[in-house]
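K.L.:
Could you have a look at this structure, given as structure tokens, before my questions?
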Amino acid sequence: MLTRPMQAQTVNFVPLDNNESAFSIAVVPFTARGGELTLVVGTAQDTLLAPRSCASGFLRTYRFVDDGRGLELLHK
């Protein structure tokens, strides 16, 4: 989900599948992509908080599209 914090507005929503939850997020410039900014989201599947565990973990990489209003999944 992309938001505009100053306007408290959601401009994009990306549903996650297979009981995944997002736990971390970063905007990263990849040299191999010419410095293009890419959104990297760390997710976990079937997460339990106590005791802390999960079935799987993933890094999802997205390309910004539509002038930053949308995301295109590049890799999971």
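Ordering of the structure tokens sets the chain letters (A, B, ...), residue numbers begin anew at 1 in every chain, and ligands are numbered from 1 in the order given.
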Let's see if you can do this: from backbone DSSP, list all strand (DSSP E or B) residues in chain A, as a VMD selection string.
P.N.:
chain A and resid 2 to 4 9 to 12 20 to 30 36 to 45 48 to 49 52 to 53 56 to 65 70 to 75
K.L.:
Excluding His75 of chain A and any residue of its chain fewer than 4 positions from it, enumerate the residues within 9 Å of it, using only C-alpha atoms, and give them as a PyMOL selection string.
P.N.:
chain A and resi 59-62
K.L.:
Neighbours of Val27 of chain A within 7 Å (only C-alpha atoms; same-chain residues fewer than 3 positions away dropped), as a PyMOL selection string?
P.N.:
chain A and resi 37-40
K.L.:
What does the file look like for those residues with N, CA, C and O atoms, as a JSON list (two decimals), in the first residue's frame?
P.N.:
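Writing the result to out_38.json gives the following:
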```json
[["chain", "number", "residue", "atom", "x", "y", "z"],
["A", 37, "LEU", "N", 15.08, 3.36, -8.53],
["A", 37, "LEU", "CA", 14.59, 3.09, -7.18],
["A", 37, "LEU", "C", 13.59, 1.94, -7.22],
["A", 37, "LEU", "O", 12.67, 1.93, -8.03],
["A", 38, "THR", "N", 13.79, 0.98, -6.34],
["A", 38, "THR", "CA", 12.97, -0.22, -6.27],
["A", 38, "THR", "C", 12.47, -0.37, -4.84],
["A", 38, "THR", "O", 13.21, -0.15, -3.89],
["A", 39, "LEU", "N", 11.22, -0.76, -4.69],
["A", 39, "LEU", "CA", 10.66, -1.00, -3.38],
["A", 39, "LEU", "C", 10.91, -2.45, -3.00],
["A", 39, "LEU", "O", 10.58, -3.36, -3.76],
["A", 40, "VAL", "N", 11.52, -2.68, -1.84],
["A", 40, "VAL", "CA", 11.77, -4.04, -1.34],
["A", 40, "VAL", "C", 10.95, -4.22, -0.07],
["A", 40, "VAL", "O", 11.06, -3.42, 0.87]]
```
K.L.:
I'd like to know which of A:Phe13, A:Gln7, A:Glu36, A:Ile25 is closest to Phe64 of chain A, using only C-alpha atoms.
P.N.:
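For Phe64 of chain A, the nearest of the given residues is A:Glu36.
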K.L.:
Quick one: distance from atom CA of Leu74 of chain A to atom CA of Ser56 of chain A in Å, one decimal?
P.N.:
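The value is 19.0 Å.
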K.L.:
Extract, using only C-alpha atoms, all DNA, RNA and protein residues at most 10 Å from Gln45 of chain A, discarding same-chain residues fewer than 6 positions from it, and format them as a list in words.
P.N.:
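Result of the neighbour search: Leu16, Asp17, Asn18, Asn19, Glu20, Ser21, Ala22, Ser53, Cys54, Ala55, Ser56, Gly57 and Phe58 of chain A.
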K.L.:
Could you write those residues out with N, CA and C atoms, as a tab-separated table (two decimals), in the first residue's frame?
P.N.:
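The file below, selection-v2.tsv, is the result:
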```tsv
chain	number	residue	atom	x	y	z
A	16	LEU	N	-1.46	-9.38	-0.30
A	16	LEU	CA	-0.48	-10.46	-0.21
A	16	LEU	C	-1.24	-11.78	-0.15
A	17	ASP	N	-0.63	-12.83	-0.69
A	17	ASP	CA	-1.32	-14.11	-0.75
A	17	ASP	C	-0.75	-15.11	0.26
A	18	ASN	N	-1.42	-16.23	0.40
A	18	ASN	CA	-0.96	-17.36	1.21
A	18	ASN	C	-0.61	-16.98	2.65
A	19	ASN	N	-1.44	-16.17	3.28
A	19	ASN	CA	-1.26	-15.80	4.68
A	19	ASN	C	0.08	-15.11	4.95
A	20	GLU	N	0.50	-14.24	4.02
A	20	GLU	CA	1.73	-13.46	4.20
A	20	GLU	C	1.41	-12.14	4.89
A	21	SER	N	2.39	-11.65	5.63
A	21	SER	CA	2.31	-10.34	6.27
A	21	SER	C	3.60	-9.59	5.98
A	22	ALA	N	3.49	-8.29	5.77
A	22	ALA	CA	4.67	-7.45	5.53
A	22	ALA	C	5.24	-6.99	6.87
A	53	SER	N	7.74	-17.26	15.22
A	53	SER	CA	8.10	-18.20	14.16
A	53	SER	C	7.31	-17.88	12.90
A	54	CYS	N	7.77	-18.45	11.78
A	54	CYS	CA	7.05	-18.34	10.52
A	54	CYS	C	7.42	-19.53	9.65
A	55	ALA	N	6.56	-19.84	8.69
A	55	ALA	CA	6.80	-20.97	7.80
A	55	ALA	C	7.83	-20.62	6.73
A	56	SER	N	7.77	-19.40	6.20
A	56	SER	CA	8.67	-18.96	5.13
A	56	SER	C	8.84	-17.46	5.20
A	57	GLY	N	9.93	-16.99	4.64
A	57	GLY	CA	10.17	-15.55	4.53
A	57	GLY	C	10.52	-15.21	3.10
A	58	PHE	N	10.13	-14.02	2.66
A	58	PHE	CA	10.35	-13.61	1.28
A	58	PHE	C	10.80	-12.15	1.22
```
